[in-house]
file work_11.cif (mmCIF, C-alpha atoms)
data_input
loop_
_atom_site.label_atom_id
_atom_site.label_comp_id
_atom_site.auth_asym_id
_atom_site.auth_seq_id
_atom_site.Cartn_x
_atom_site.Cartn_y
_atom_site.Cartn_z
CA MET A 1 274.61 -7.54 33.24
CA ALA A 2 272.80 -10.71 34.20
CA LYS A 3 272.00 -11.52 30.57
CA ALA A 4 275.63 -11.37 29.54
CA GLU A 5 276.57 -13.64 32.42
CA ASN A 6 273.85 -16.00 31.43
CA ASN A 7 275.45 -16.50 28.04
CA LYS A 8 278.96 -17.07 29.31
CA TYR A 9 278.08 -20.29 31.18
CA SER A 10 277.79 -23.76 29.75
CA LYS A 11 274.36 -25.35 30.02
CA THR A 12 275.53 -27.57 32.90
CA ILE A 13 276.91 -24.68 34.92
CA GLN A 14 273.88 -22.59 34.16
CA SER A 15 271.49 -25.16 35.58
CA ALA A 16 273.77 -25.66 38.59
CA VAL A 17 273.63 -21.91 39.28
CA ALA A 18 269.84 -22.07 38.97
CA GLU A 19 269.75 -24.90 41.52
CA TYR A 20 272.10 -23.08 43.89
CA ALA A 21 270.20 -19.78 43.64
CA LEU A 22 266.99 -21.70 44.26
CA ARG A 23 268.44 -23.14 47.46
CA LEU A 24 269.58 -19.71 48.70
CA GLY A 25 266.27 -18.12 47.74
CA ASP A 26 264.14 -20.87 49.25
CA ASN A 27 265.99 -20.74 52.57
CA SER A 28 265.39 -16.99 52.79
CA LEU A 29 261.81 -17.17 51.57
CA ILE A 30 260.67 -19.97 53.88
CA LEU A 31 262.33 -18.51 56.98
CA GLY A 32 260.99 -15.07 56.04
CA GLN A 33 257.48 -16.50 55.80
CA ARG A 34 257.90 -18.24 59.16
CA LEU A 35 259.03 -15.02 60.85
CA GLY A 36 256.17 -13.17 59.22
CA GLU A 37 253.78 -15.48 61.08
CA TRP A 38 254.82 -13.66 64.25
CA THR A 39 253.61 -10.28 62.99
CA GLY A 40 250.87 -9.15 65.36
CA HIS A 41 251.41 -12.13 67.68
CA SER A 42 254.61 -11.33 69.57
CA ALA A 43 254.74 -10.76 73.30
CA ALA A 44 256.03 -7.20 72.92
CA VAL A 45 255.86 -4.65 70.14
CA GLU A 46 259.67 -4.49 69.92
CA ILE A 47 259.83 -8.23 69.26
CA ASP A 48 257.05 -7.94 66.74
CA MET A 49 258.97 -5.25 64.84
CA ALA A 50 262.25 -7.12 65.01
CA LEU A 51 260.86 -10.39 63.69
CA SER A 52 258.85 -8.61 60.99
CA ASN A 53 261.88 -6.58 59.90
CA MET A 54 263.99 -9.70 59.69
CA ALA A 55 261.23 -11.33 57.65
CA LEU A 56 261.35 -8.39 55.23
CA ASP A 57 265.13 -8.64 54.83
CA LEU A 58 264.87 -12.35 54.11
CA ILE A 59 262.04 -11.96 51.61
CA GLY A 60 264.05 -9.19 49.90
CA GLN A 61 266.96 -11.63 49.54
CA ALA A 62 264.59 -14.29 48.23
CA GLN A 63 263.33 -11.95 45.51
CA HIS A 64 266.85 -11.47 44.18
CA PHE A 65 268.01 -15.08 44.50
CA LEU A 66 264.84 -16.51 43.00
CA GLY A 67 264.98 -13.90 40.24
CA LEU A 68 268.44 -15.19 39.31
CA ALA A 69 267.26 -18.81 39.58
CA GLY A 70 264.44 -18.08 37.14
CA GLU A 71 266.76 -16.38 34.69
CA MET A 72 269.31 -19.21 34.78
CA GLU A 73 266.66 -21.88 34.50
CA GLY A 74 265.31 -20.23 31.33
CA LYS A 75 261.71 -21.40 31.70
CA HIS A 76 260.20 -17.92 31.84
CA ARG A 77 259.52 -18.13 35.57
CA ASP A 78 260.17 -15.01 37.63
CA ALA A 79 260.69 -14.85 41.42
CA ASP A 80 256.94 -14.72 42.06
CA ALA A 81 256.23 -17.71 39.85
CA LEU A 82 258.91 -19.70 41.65
CA ALA A 83 257.66 -18.68 45.09
CA PHE A 84 253.97 -19.18 44.52
CA THR A 85 253.53 -21.98 42.01
CA ARG A 86 255.99 -24.68 43.00
CA ASP A 87 255.00 -27.65 45.14
CA ALA A 88 256.85 -28.78 48.26
CA HIS A 89 259.05 -31.33 46.44
CA GLU A 90 260.41 -28.54 44.21
CA PHE A 91 261.66 -26.48 47.16
CA ARG A 92 265.37 -26.70 48.03
CA ASN A 93 265.45 -25.15 51.51
CA PHE A 94 266.91 -26.74 54.64
CA TRP A 95 264.64 -28.60 57.03
CA LEU A 96 265.73 -26.20 59.75
CA VAL A 97 264.00 -23.14 58.28
CA GLU A 98 260.66 -24.82 57.58
CA GLN A 99 260.22 -26.04 61.17
CA ALA A 100 257.19 -24.51 62.91
CA ASN A 101 257.71 -21.39 65.04
CA GLY A 102 256.68 -23.05 68.30
CA ASP A 103 257.30 -20.72 71.22
CA PHE A 104 259.64 -17.70 71.16
CA ALA A 105 262.57 -19.79 72.41
CA ARG A 106 262.19 -22.16 69.48
CA THR A 107 261.99 -19.30 66.99
CA ILE A 108 265.14 -17.77 68.49
CA ALA A 109 267.07 -21.05 68.51
CA ARG A 110 266.18 -21.65 64.84
CA GLN A 111 267.20 -18.08 63.96
CA PHE A 112 270.47 -18.29 65.83
CA LEU A 113 271.47 -21.60 64.23
CA PHE A 114 270.58 -20.29 60.76
CA SER A 115 271.90 -16.70 60.96
CA THR A 116 275.20 -17.92 62.42
CA TRP A 117 275.51 -20.01 59.25
CA GLN A 118 274.10 -17.41 56.84
CA LYS A 119 276.22 -14.44 57.89
CA PRO A 120 279.68 -15.88 57.05
CA MET A 121 278.18 -17.67 54.04
CA LEU A 122 277.05 -14.34 52.57
CA GLY A 123 280.37 -12.76 53.53
CA GLU A 124 282.11 -15.35 51.34
CA LEU A 125 279.50 -15.21 48.59
CA ALA A 126 280.20 -11.49 48.19
CA ASN A 127 283.42 -12.65 46.44
CA SER A 128 281.53 -14.84 43.96
CA THR A 129 282.53 -14.62 40.31
CA ASN A 130 278.82 -14.36 39.56
CA GLU A 131 278.03 -10.65 39.72
CA THR A 132 274.42 -11.02 40.81
CA LEU A 133 275.21 -13.43 43.65
CA ALA A 134 278.09 -11.21 44.78
CA ALA A 135 275.99 -8.01 44.74
CA VAL A 136 273.06 -9.50 46.65
CA ALA A 137 275.39 -11.09 49.21
CA GLU A 138 277.41 -7.90 49.71
CA LYS A 139 274.20 -6.08 50.58
CA ALA A 140 272.45 -8.81 52.56
CA VAL A 141 275.39 -9.63 54.83
CA LYS A 142 275.07 -6.22 56.50
CA GLU A 143 271.42 -6.91 57.30
CA VAL A 144 272.03 -10.47 58.46
CA SER A 145 274.66 -9.22 60.93
CA TYR A 146 271.76 -7.64 62.79
CA HIS A 147 269.76 -10.90 62.67
CA GLN A 148 272.65 -12.82 64.10
CA SER A 149 273.35 -10.38 66.90
CA TYR A 150 269.64 -10.18 67.75
CA ALA A 151 269.31 -13.97 67.97
CA ARG A 152 272.58 -14.22 69.88
CA ASP A 153 271.42 -11.67 72.48
CA TRP A 154 268.19 -13.58 73.03
CA MET A 155 270.04 -16.91 73.32
CA LEU A 156 272.00 -15.38 76.20
CA ARG A 157 268.95 -13.80 77.81
CA LEU A 158 266.74 -16.86 77.61
CA GLY A 159 269.54 -19.30 78.42
CA GLY A 160 270.60 -17.28 81.46
CA GLY A 161 267.09 -16.14 82.35
CA THR A 162 264.51 -18.00 84.40
CA GLU A 163 264.34 -21.74 84.88
CA GLU A 164 261.40 -21.78 82.47
CA SER A 165 263.13 -19.78 79.70
CA HIS A 166 266.27 -21.88 80.05
CA HIS A 167 264.30 -25.12 79.91
CA ARG A 168 262.35 -24.05 76.83
CA LEU A 169 265.46 -22.92 74.96
CA GLN A 170 267.31 -26.14 75.77
CA ARG A 171 264.31 -28.16 74.56
CA ALA A 172 264.19 -26.14 71.32
CA LEU A 173 267.91 -26.68 70.72
CA ASP A 174 267.56 -30.42 71.35
CA ASP A 175 264.71 -30.59 68.84
CA LEU A 176 266.39 -28.53 66.12
CA TRP A 177 269.98 -29.69 66.40
CA GLY A 178 269.47 -32.67 64.10
CA TYR A 179 268.64 -30.34 61.20
CA THR A 180 271.88 -28.37 61.35
CA GLY A 181 274.06 -30.93 59.54
CA GLU A 182 272.31 -30.19 56.27
CA MET A 183 273.77 -26.68 56.17
CA PHE A 184 277.30 -28.05 55.69
CA ALA A 185 276.56 -31.04 53.47
CA GLY A 186 275.98 -29.72 49.94
CA ASN A 187 275.69 -31.95 46.88
CA GLY A 188 277.06 -32.31 43.33
CA VAL A 189 276.00 -28.77 42.50
CA ASP A 190 278.42 -27.42 45.09
CA ASP A 191 281.42 -29.36 43.79
CA MET A 192 280.89 -27.89 40.34
CA LEU A 193 280.22 -24.31 41.43
CA VAL A 194 282.95 -24.07 44.07
CA ALA A 195 285.48 -24.99 41.38
CA GLU A 196 284.17 -22.10 39.25
CA GLY A 197 284.40 -19.64 42.17
CA ILE A 198 280.66 -19.12 41.97
CA SER A 199 279.43 -20.62 45.25
CA VAL A 200 280.61 -21.04 48.83
CA ASP A 201 281.88 -24.46 49.90
CA PRO A 202 279.37 -25.50 52.59
CA ALA A 203 281.83 -27.80 54.37
CA ALA A 204 284.24 -24.87 54.88
CA LEU A 205 281.64 -23.03 56.96
CA GLU A 206 281.30 -25.68 59.64
CA SER A 207 284.32 -24.94 61.86
CA GLY A 208 283.59 -21.20 62.19
CA TRP A 209 279.93 -21.94 62.89
CA THR A 210 280.83 -24.49 65.56
CA ILE A 211 283.17 -22.07 67.33
CA GLU A 212 280.53 -19.32 67.50
CA VAL A 213 277.69 -21.69 68.51
CA ASP A 214 279.80 -23.41 71.18
CA ALA A 215 280.82 -20.06 72.65
CA VAL A 216 277.25 -18.81 72.89
CA LEU A 217 275.94 -22.10 74.34
CA ALA A 218 278.67 -22.01 76.97
CA GLU A 219 277.96 -18.39 77.88
CA ALA A 220 274.22 -19.08 78.06
CA GLY A 221 274.78 -22.17 80.20
CA LEU A 222 273.17 -24.45 77.60
CA THR A 223 274.14 -28.01 76.82
CA LYS A 224 275.25 -28.82 73.30
CA PRO A 225 272.91 -31.53 72.04
CA ALA A 226 274.34 -34.85 70.92
CA VAL A 227 272.71 -36.25 67.80
CA GLU A 228 273.68 -39.62 66.35
CA ARG A 229 272.44 -38.95 62.87
CA MET A 230 271.57 -35.68 61.15
CA THR A 231 268.29 -35.43 59.24
CA SER A 232 268.42 -33.96 55.76
CA GLY A 233 266.76 -34.07 52.37
CA GLY A 234 265.86 -30.47 51.59
CA LEU A 235 268.40 -30.16 48.78
CA LYS A 236 266.72 -33.11 47.06
CA GLY A 237 263.23 -31.77 47.60
CA HIS A 238 262.39 -34.12 50.49
CA HIS A 239 260.77 -32.14 53.29
CA SER A 240 259.12 -32.45 56.67
CA GLU A 241 255.31 -32.21 56.91
CA HIS A 242 255.63 -28.56 57.99
CA LEU A 243 256.52 -27.21 54.56
CA GLY A 244 253.24 -28.25 52.91
CA HIS A 245 251.21 -26.41 55.54
CA LEU A 246 253.34 -23.31 55.16
CA LEU A 247 252.97 -23.34 51.37
CA ALA A 248 249.20 -23.88 51.60
CA GLU A 249 248.95 -20.56 53.39
CA MET A 250 251.65 -18.66 51.53
CA GLN A 251 250.51 -19.73 48.05
CA PHE A 252 246.76 -19.64 48.59
CA LEU A 253 246.03 -16.41 46.73
CA GLN A 254 248.06 -17.23 43.61
CA ARG A 255 246.69 -20.77 43.55
CA ALA A 256 243.09 -19.58 43.87
CA TYR A 257 243.46 -16.59 41.51
CA PRO A 258 246.43 -17.31 39.22
CA GLY A 259 248.30 -14.19 38.09
CA LEU A 260 246.45 -11.90 40.47
CA GLU A 261 248.23 -8.56 40.96
CA TRP A 262 247.93 -5.78 43.54
CA MET B 1 278.98 26.10 25.28
CA ALA B 2 277.32 22.79 24.56
CA GLU B 3 279.26 21.19 27.38
CA THR B 4 278.16 23.83 29.87
CA ARG B 5 274.55 23.28 28.92
CA GLU B 6 274.99 19.57 29.48
CA ILE B 7 276.42 20.10 32.96
CA ASP B 8 273.58 22.50 33.75
CA ARG B 9 271.09 19.93 32.59
CA ILE B 10 272.49 17.21 34.86
CA ALA B 11 272.69 19.69 37.76
CA ASP B 12 269.05 20.62 37.14
CA LEU B 13 268.09 16.95 37.30
CA TRP B 14 269.91 16.51 40.60
CA ALA B 15 268.01 19.53 41.92
CA LEU B 16 264.74 18.11 40.58
CA LEU B 17 265.29 14.77 42.32
CA ASP B 18 266.35 16.56 45.49
CA GLY B 19 262.70 17.61 45.64
CA VAL B 20 261.55 13.98 45.86
CA PRO B 21 261.07 13.08 49.53
CA ASP B 22 261.60 9.68 51.09
CA PRO B 23 258.05 8.35 51.54
CA GLU B 24 258.68 7.17 55.13
CA ILE B 25 260.83 10.08 56.31
CA PRO B 26 259.59 13.03 54.22
CA VAL B 27 262.10 15.57 55.63
CA ILE B 28 264.92 13.94 53.70
CA SER B 29 265.13 13.65 49.92
CA VAL B 30 266.04 10.55 47.95
CA VAL B 31 269.21 12.39 46.92
CA ASP B 32 270.23 13.21 50.51
CA LEU B 33 269.53 9.61 51.48
CA GLY B 34 271.98 8.39 48.84
CA ILE B 35 269.37 6.37 46.93
CA VAL B 36 270.08 8.28 43.69
CA ARG B 37 273.63 7.20 42.88
CA ASP B 38 274.28 8.79 39.54
CA ILE B 39 272.71 10.62 36.63
CA ARG B 40 274.47 9.83 33.37
CA GLU B 41 274.09 11.51 30.02
CA GLN B 42 273.89 8.95 27.21
CA PRO B 43 275.32 9.52 23.68
CA ASP B 44 271.78 9.54 22.26
CA GLY B 45 270.83 12.48 24.50
CA SER B 46 268.80 10.47 27.00
CA VAL B 47 269.82 10.11 30.65
CA THR B 48 270.19 7.08 32.88
CA VAL B 49 269.36 7.50 36.56
CA ILE B 50 271.06 4.94 38.79
CA ILE B 51 269.29 4.14 42.04
CA THR B 52 270.02 1.66 44.84
CA PRO B 53 267.72 0.32 47.56
CA THR B 54 268.56 1.07 51.18
CA TYR B 55 267.58 -2.36 52.51
CA THR B 56 267.12 -5.48 50.36
CA GLY B 57 263.53 -5.94 51.46
CA CYS B 58 262.55 -2.32 52.07
CA PRO B 59 258.88 -2.11 51.05
CA ALA B 60 259.31 1.54 50.03
CA THR B 61 261.74 0.66 47.20
CA LEU B 62 259.08 0.37 44.50
CA LEU B 63 257.26 3.48 45.66
CA ILE B 64 260.51 5.46 45.63
CA GLU B 65 261.23 4.40 42.05
CA GLN B 66 257.71 5.43 41.08
CA MET B 67 258.11 8.85 42.71
CA ILE B 68 261.44 9.40 40.94
CA ARG B 69 259.81 8.40 37.65
CA GLU B 70 256.97 10.86 38.19
CA ALA B 71 259.39 13.68 38.97
CA LEU B 72 261.41 12.98 35.80
CA GLU B 73 258.23 12.78 33.73
CA SER B 74 257.42 16.37 34.73
CA ASP B 75 259.98 17.35 32.08
CA ALA B 76 258.18 16.24 28.93
CA SER B 77 261.28 16.67 26.74
CA LEU B 78 263.40 14.34 28.88
CA ARG B 79 264.04 10.78 27.73
CA PHE B 80 265.28 8.68 30.61
CA THR B 81 265.72 5.19 32.02
CA ILE B 82 265.97 4.27 35.70
CA ARG B 83 268.34 1.47 36.57
CA THR B 84 268.67 -0.26 39.94
CA GLU B 85 272.17 -1.31 40.98
CA LEU B 86 272.83 -3.30 44.17
CA SER B 87 276.61 -3.00 44.16
CA PRO B 88 278.30 -1.16 45.76
CA ALA B 89 275.83 -1.79 48.57
CA TRP B 90 274.08 1.24 50.01
CA THR B 91 275.62 2.54 53.21
CA THR B 92 274.60 5.21 55.69
CA ASP B 93 277.91 6.95 54.82
CA TRP B 94 276.11 8.15 51.68
CA ILE B 95 273.61 10.24 53.62
CA SER B 96 274.55 13.89 53.01
CA GLU B 97 275.38 16.36 55.80
CA LYS B 98 272.22 18.27 54.86
CA GLY B 99 270.30 15.01 55.19
CA LYS B 100 271.81 14.20 58.59
CA GLN B 101 270.89 17.64 59.85
CA ALA B 102 267.32 17.24 58.57
CA LEU B 103 267.02 13.86 60.30
CA LYS B 104 268.20 15.33 63.58
CA GLU B 105 265.75 18.23 63.42
CA TYR B 106 262.97 15.75 62.66
CA GLY B 107 263.81 13.84 65.86
CA ILE B 108 265.74 10.92 64.32
CA ALA B 109 269.30 10.51 65.54
CA PRO B 110 271.46 10.34 62.39
CA PRO B 111 273.75 7.32 61.89
CA GLN B 112 276.76 7.29 64.20
CA PRO B 113 279.65 5.01 63.27
CA GLY B 114 280.07 2.43 66.01
CA GLU B 115 276.64 3.27 67.44
CA ARG B 116 278.10 3.67 70.89
CA ASP B 117 277.54 7.38 71.44
CA VAL B 118 274.17 8.08 69.94
CA PRO B 119 273.16 11.56 71.10
CA CYS B 120 269.51 12.19 71.93
CA PRO B 121 268.19 14.36 69.07
CA ARG B 122 266.14 16.37 71.57
CA CYS B 123 268.53 17.19 74.45
CA GLY B 124 271.89 16.06 73.06
CA THR B 125 272.94 13.76 75.92
CA THR B 126 274.55 10.42 75.13
CA ASP B 127 272.96 8.92 78.25
CA VAL B 128 270.59 6.83 76.14
CA GLU B 129 269.65 3.17 75.83
CA CYS B 130 268.81 0.98 72.87
CA ILE B 131 265.34 -0.52 73.28
CA SER B 132 265.30 -2.46 70.03
CA GLN B 133 267.75 -2.81 67.14
CA PHE B 134 264.71 -3.03 64.88
CA GLY B 135 262.38 -0.04 64.63
CA SER B 136 259.37 1.16 62.69
CA THR B 137 261.19 0.82 59.34
CA PRO B 138 264.10 -1.47 58.38
CA CYS B 139 266.57 1.42 58.56
CA LYS B 140 265.85 2.51 62.15
CA ALA B 141 266.50 1.30 65.69
CA LEU B 142 264.50 2.36 68.72
CA TYR B 143 266.22 4.27 71.55
CA LYS B 144 265.21 5.97 74.76
CA CYS B 145 266.85 9.03 76.36
CA ARG B 146 267.55 8.55 80.07
CA GLN B 147 267.75 12.32 80.65
CA CYS B 148 264.71 13.78 78.94
CA LEU B 149 262.98 10.37 78.86
CA GLU B 150 261.93 10.76 75.22
CA PRO B 151 261.90 7.67 73.04
CA PHE B 152 263.50 8.32 69.64
CA ASP B 153 264.53 6.60 66.43
CA HIS B 154 268.16 6.12 65.48
CA PHE B 155 269.09 5.70 61.84
CA LYS B 156 271.07 2.45 61.92
CA CYS B 157 274.60 2.51 60.67
CA ILE B 158 275.13 -0.06 57.91
#

call {"tool": "encode", "arguments": {"input": "work_11.cif", "output": "structure tokens"}}
result
Amino acid sequence: MAKAENNKYSKTIQSAVAEYALRLGDNSLILGQRLGEWTGHSAAVEIDMALSNMALDLIGQAQHFLGLAGEMEGKHRDADALAFTRDAHEFRNFWLVEQANGDFARTIARQFLFSTWQKPMLGELANSTNETLAAVAEKAVKEVSYHQSYARDWMLRLGGGTEESHHRLQRALDDLWGYTGEMFAGNGVDDMLVAEGISVDPAALESGWTIEVDAVLAEAGLTKPAVERMTSGGLKGHHSEHLGHLLAEMQFLQRAYPGLEW
Amino acid sequence: MAETREIDRIADLWALLDGVPDPEIPVISVVDLGIVRDIREQPDGSVTVIITPTYTGCPATLLIEQMIREALESDASLRFTIRTELSPAWTTDWISEKGKQALKEYGIAPPQPGERDVPCPRCGTTDVECISQFGSTPCKALYKCRQCLEPFDHFKCI
């Protein structure tokens, strides 16, 4: 299936699909790795299981998206090779997902901002003319609905909880808000792929996202942060200092023992 | 006659795979769970077994494929390939009635559309509360019965 699709694209489109799939896969992989850092460290076993399960879902998505990226790129790199042997400047994820976990409020704010973007994005991507993207999205959107509702519930609980929980969540939102603009920006790859019906127009996702985020902030009694200028660069491979540290840990085994298998 | 034999052969394979348990919830088979989607006879006499993962990142996916492979290999004359298809996406609607009953007897509340009235698998009351939407495996949520006070797993509806 994928091979036939591979042949039907021009070289330009094919490399654009590779770039787009890399972006989707990297977002899922990096956030999955971040959530995995909570395993065994959460305040309650239920939270531990929830964050670890969400990490698994995201890493499952990453396997499929990066697998497609490797196929389209045509350099004989599979999902593992892409995950474990690229350097920070070759990653295409948003700054938002690579930010450190911080406290639970920060992890929840990051998850809420991302899942509220990812859920409708996948819902749209399920209509992609690319069969692999459509199939992965159709499946993943059901799982991400749970991520979004989980993060949403905790936004309400922490925002409307104690003075301390409210303060911490507001601080996390203020810190992370400047990384949200990148989710709706896109680049040349998007223009080309949207026209082909392959990808989802990032700009079209912003109004729905804003409505949902505004509603939850209002219900949780949180103040919407005002940011003069959004920070971005992930799509070009420019990243914050956090990504390098994350990769050092995530890639250690394959870097130290290349090709090692279970 | 030849056609009948062919149907029998496919039916035998379904029965064979119905003996392969889910590694995490061994009371239910991979057929009852809806992981085995189809068994197709190919013109060259081989068969193609179509499987689909329950959750995208379910760690049991590879193990399940391996167990299905081992079961099929028990018939030395069988030539087969196993193919994974993601679409249509797996849904809890594909769990068989036999499977739902087995889940319930095992103490796991089977998927309930809407998830509002999840009956306690032990005492049957719907006076229950959801403790966590994420349980011990990706496919389960954690509940507690307010009547008999037993905690129990609920197979999430997706």

call {"tool": "interface_residues", "arguments": {"input": "work_11.cif", "of": "chain A", "to": "chain B", "cutoff": "12 Å", "atoms": "all atoms listed in the file", "output": "short mmCIF file (atom, residue, chain, number, x, y, z; two decimals) with C-alpha atoms, in the frame of the given file"}}
result
data_model
loop_
_atom_site.label_atom_id
_atom_site.label_comp_id
_atom_site.auth_asym_id
_atom_site.auth_seq_id
_atom_site.Cartn_x
_atom_site.Cartn_y
_atom_site.Cartn_z
CA MET A 1 274.61 -7.54 33.24
CA ALA A 2 272.80 -10.71 34.20
CA SER A 28 265.39 -16.99 52.79
CA LEU A 29 261.81 -17.17 51.57
CA GLY A 32 260.99 -15.07 56.04
CA ALA A 44 256.03 -7.20 72.92
CA VAL A 45 255.86 -4.65 70.14
CA GLU A 46 259.67 -4.49 69.92
CA ILE A 47 259.83 -8.23 69.26
CA ASP A 48 257.05 -7.94 66.74
CA MET A 49 258.97 -5.25 64.84
CA ALA A 50 262.25 -7.12 65.01
CA LEU A 51 260.86 -10.39 63.69
CA SER A 52 258.85 -8.61 60.99
CA ASN A 53 261.88 -6.58 59.90
CA MET A 54 263.99 -9.70 59.69
CA ALA A 55 261.23 -11.33 57.65
CA LEU A 56 261.35 -8.39 55.23
CA ASP A 57 265.13 -8.64 54.83
CA LEU A 58 264.87 -12.35 54.11
CA ILE A 59 262.04 -11.96 51.61
CA GLY A 60 264.05 -9.19 49.90
CA GLN A 61 266.96 -11.63 49.54
CA ALA A 62 264.59 -14.29 48.23
CA GLN A 63 263.33 -11.95 45.51
CA HIS A 64 266.85 -11.47 44.18
CA PHE A 65 268.01 -15.08 44.50
CA ALA A 126 280.20 -11.49 48.19
CA GLU A 131 278.03 -10.65 39.72
CA THR A 132 274.42 -11.02 40.81
CA LEU A 133 275.21 -13.43 43.65
CA ALA A 134 278.09 -11.21 44.78
CA ALA A 135 275.99 -8.01 44.74
CA VAL A 136 273.06 -9.50 46.65
CA ALA A 137 275.39 -11.09 49.21
CA GLU A 138 277.41 -7.90 49.71
CA LYS A 139 274.20 -6.08 50.58
CA ALA A 140 272.45 -8.81 52.56
CA VAL A 141 275.39 -9.63 54.83
CA LYS A 142 275.07 -6.22 56.50
CA GLU A 143 271.42 -6.91 57.30
CA VAL A 144 272.03 -10.47 58.46
CA SER A 145 274.66 -9.22 60.93
CA TYR A 146 271.76 -7.64 62.79
CA HIS A 147 269.76 -10.90 62.67
CA GLN A 148 272.65 -12.82 64.10
CA SER A 149 273.35 -10.38 66.90
CA TYR A 150 269.64 -10.18 67.75
CA ALA A 151 269.31 -13.97 67.97
CA ASP A 153 271.42 -11.67 72.48
CA TRP A 154 268.19 -13.58 73.03
#

call {"tool": "resolve_selection", "arguments": {"input": "work_11.cif", "expression": "the PyMOL selection byres ((chain B and resi 155) around 7)", "output": "number ranges by chain"}}
result
B: 108-111, 139-141, 153-154, 156-157

call {"tool": "resolve_selection", "arguments": {"input": "work_11.cif", "expression": "the PyMOL selection byres ((chain B and resi 65) around 12)", "output": "ChimeraX atom specification"}}
result
/B:17,20-23,30,35-36,49-53,59-64,66-72,81-84

call {"tool": "closest_residue", "arguments": {"input": "work_11.cif", "among": "B:Leu78, B:Ala11, B:Ile95, B:Leu103", "to": "Glu24 (chain B)", "atoms": "only C-alpha atoms"}}
result
B:Leu103

call {"tool": "atom_distance", "arguments": {"input": "work_11.cif", "atom1": "CA of Glu90 (chain A)", "atom2": "CA of Ile108 (chain A)"}}
result
27.0 Å

call {"tool": "decode", "arguments": {"input": "work_11.cif", "residues": "region 89-102 of chain B", "atoms": "N, CA and C atoms", "output": "PDB file, in the first residue's frame"}}
result
ATOM      1  N   ALA B  89     -10.107   1.537  11.978  1.00  0.00           N
ATOM      2  CA  ALA B  89      -9.495   1.484  13.303  1.00  0.00           C
ATOM      3  C   ALA B  89     -10.265   0.543  14.224  1.00  0.00           C
ATOM      4  N   TRP B  90      -9.520  -0.204  15.013  1.00  0.00           N
ATOM      5  CA  TRP B  90     -10.120  -1.135  15.961  1.00  0.00           C
ATOM      6  C   TRP B  90     -11.088  -0.400  16.880  1.00  0.00           C
ATOM      7  N   THR B  91     -12.193  -1.060  17.183  1.00  0.00           N
ATOM      8  CA  THR B  91     -13.168  -0.476  18.095  1.00  0.00           C
ATOM      9  C   THR B  91     -13.664  -1.562  19.037  1.00  0.00           C
ATOM     10  N   THR B  92     -14.076  -1.152  20.226  1.00  0.00           N
ATOM     11  CA  THR B  92     -14.586  -2.134  21.191  1.00  0.00           C
ATOM     12  C   THR B  92     -15.876  -2.798  20.709  1.00  0.00           C
ATOM     13  N   ASP B  93     -16.522  -2.211  19.668  1.00  0.00           N
ATOM     14  CA  ASP B  93     -17.716  -2.852  19.088  1.00  0.00           C
ATOM     15  C   ASP B  93     -17.369  -4.221  18.509  1.00  0.00           C
ATOM     16  N   TRP B  94     -16.095  -4.443  18.209  1.00  0.00           N
ATOM     17  CA  TRP B  94     -15.700  -5.705  17.584  1.00  0.00           C
ATOM     18  C   TRP B  94     -15.495  -6.829  18.600  1.00  0.00           C
ATOM     19  N   ILE B  95     -15.588  -6.527  19.876  1.00  0.00           N
ATOM     20  CA  ILE B  95     -15.467  -7.591  20.871  1.00  0.00           C
ATOM     21  C   ILE B  95     -16.743  -8.426  20.825  1.00  0.00           C
ATOM     22  N   SER B  96     -16.585  -9.759  20.701  1.00  0.00           N
ATOM     23  CA  SER B  96     -17.748 -10.635  20.543  1.00  0.00           C
ATOM     24  C   SER B  96     -18.551 -10.719  21.842  1.00  0.00           C
ATOM     25  N   GLU B  97     -19.797 -11.187  21.730  1.00  0.00           N
ATOM     26  CA  GLU B  97     -20.638 -11.373  22.917  1.00  0.00           C
ATOM     27  C   GLU B  97     -19.994 -12.381  23.866  1.00  0.00           C
ATOM     28  N   LYS B  98     -19.420 -13.441  23.276  1.00  0.00           N
ATOM     29  CA  LYS B  98     -18.717 -14.447  24.085  1.00  0.00           C
ATOM     30  C   LYS B  98     -17.553 -13.781  24.838  1.00  0.00           C
ATOM     31  N   GLY B  99     -16.872 -12.888  24.135  1.00  0.00           N
ATOM     32  CA  GLY B  99     -15.750 -12.180  24.745  1.00  0.00           C
ATOM     33  C   GLY B  99     -16.198 -11.267  25.879  1.00  0.00           C
ATOM     34  N   LYS B 100     -17.303 -10.558  25.647  1.00  0.00           N
ATOM     35  CA  LYS B 100     -17.817  -9.646  26.689  1.00  0.00           C
ATOM     36  C   LYS B 100     -18.204 -10.427  27.945  1.00  0.00           C
ATOM     37  N   GLN B 101     -18.826 -11.579  27.715  1.00  0.00           N
ATOM     38  CA  GLN B 101     -19.229 -12.410  28.845  1.00  0.00           C
ATOM     39  C   GLN B 101     -18.003 -12.899  29.620  1.00  0.00           C
ATOM     40  N   ALA B 102     -16.967 -13.297  28.877  1.00  0.00           N
ATOM     41  CA  ALA B 102     -15.736 -13.784  29.515  1.00  0.00           C
ATOM     42  C   ALA B 102     -15.065 -12.678  30.332  1.00  0.00           C
TER      43      ALA B 102
END
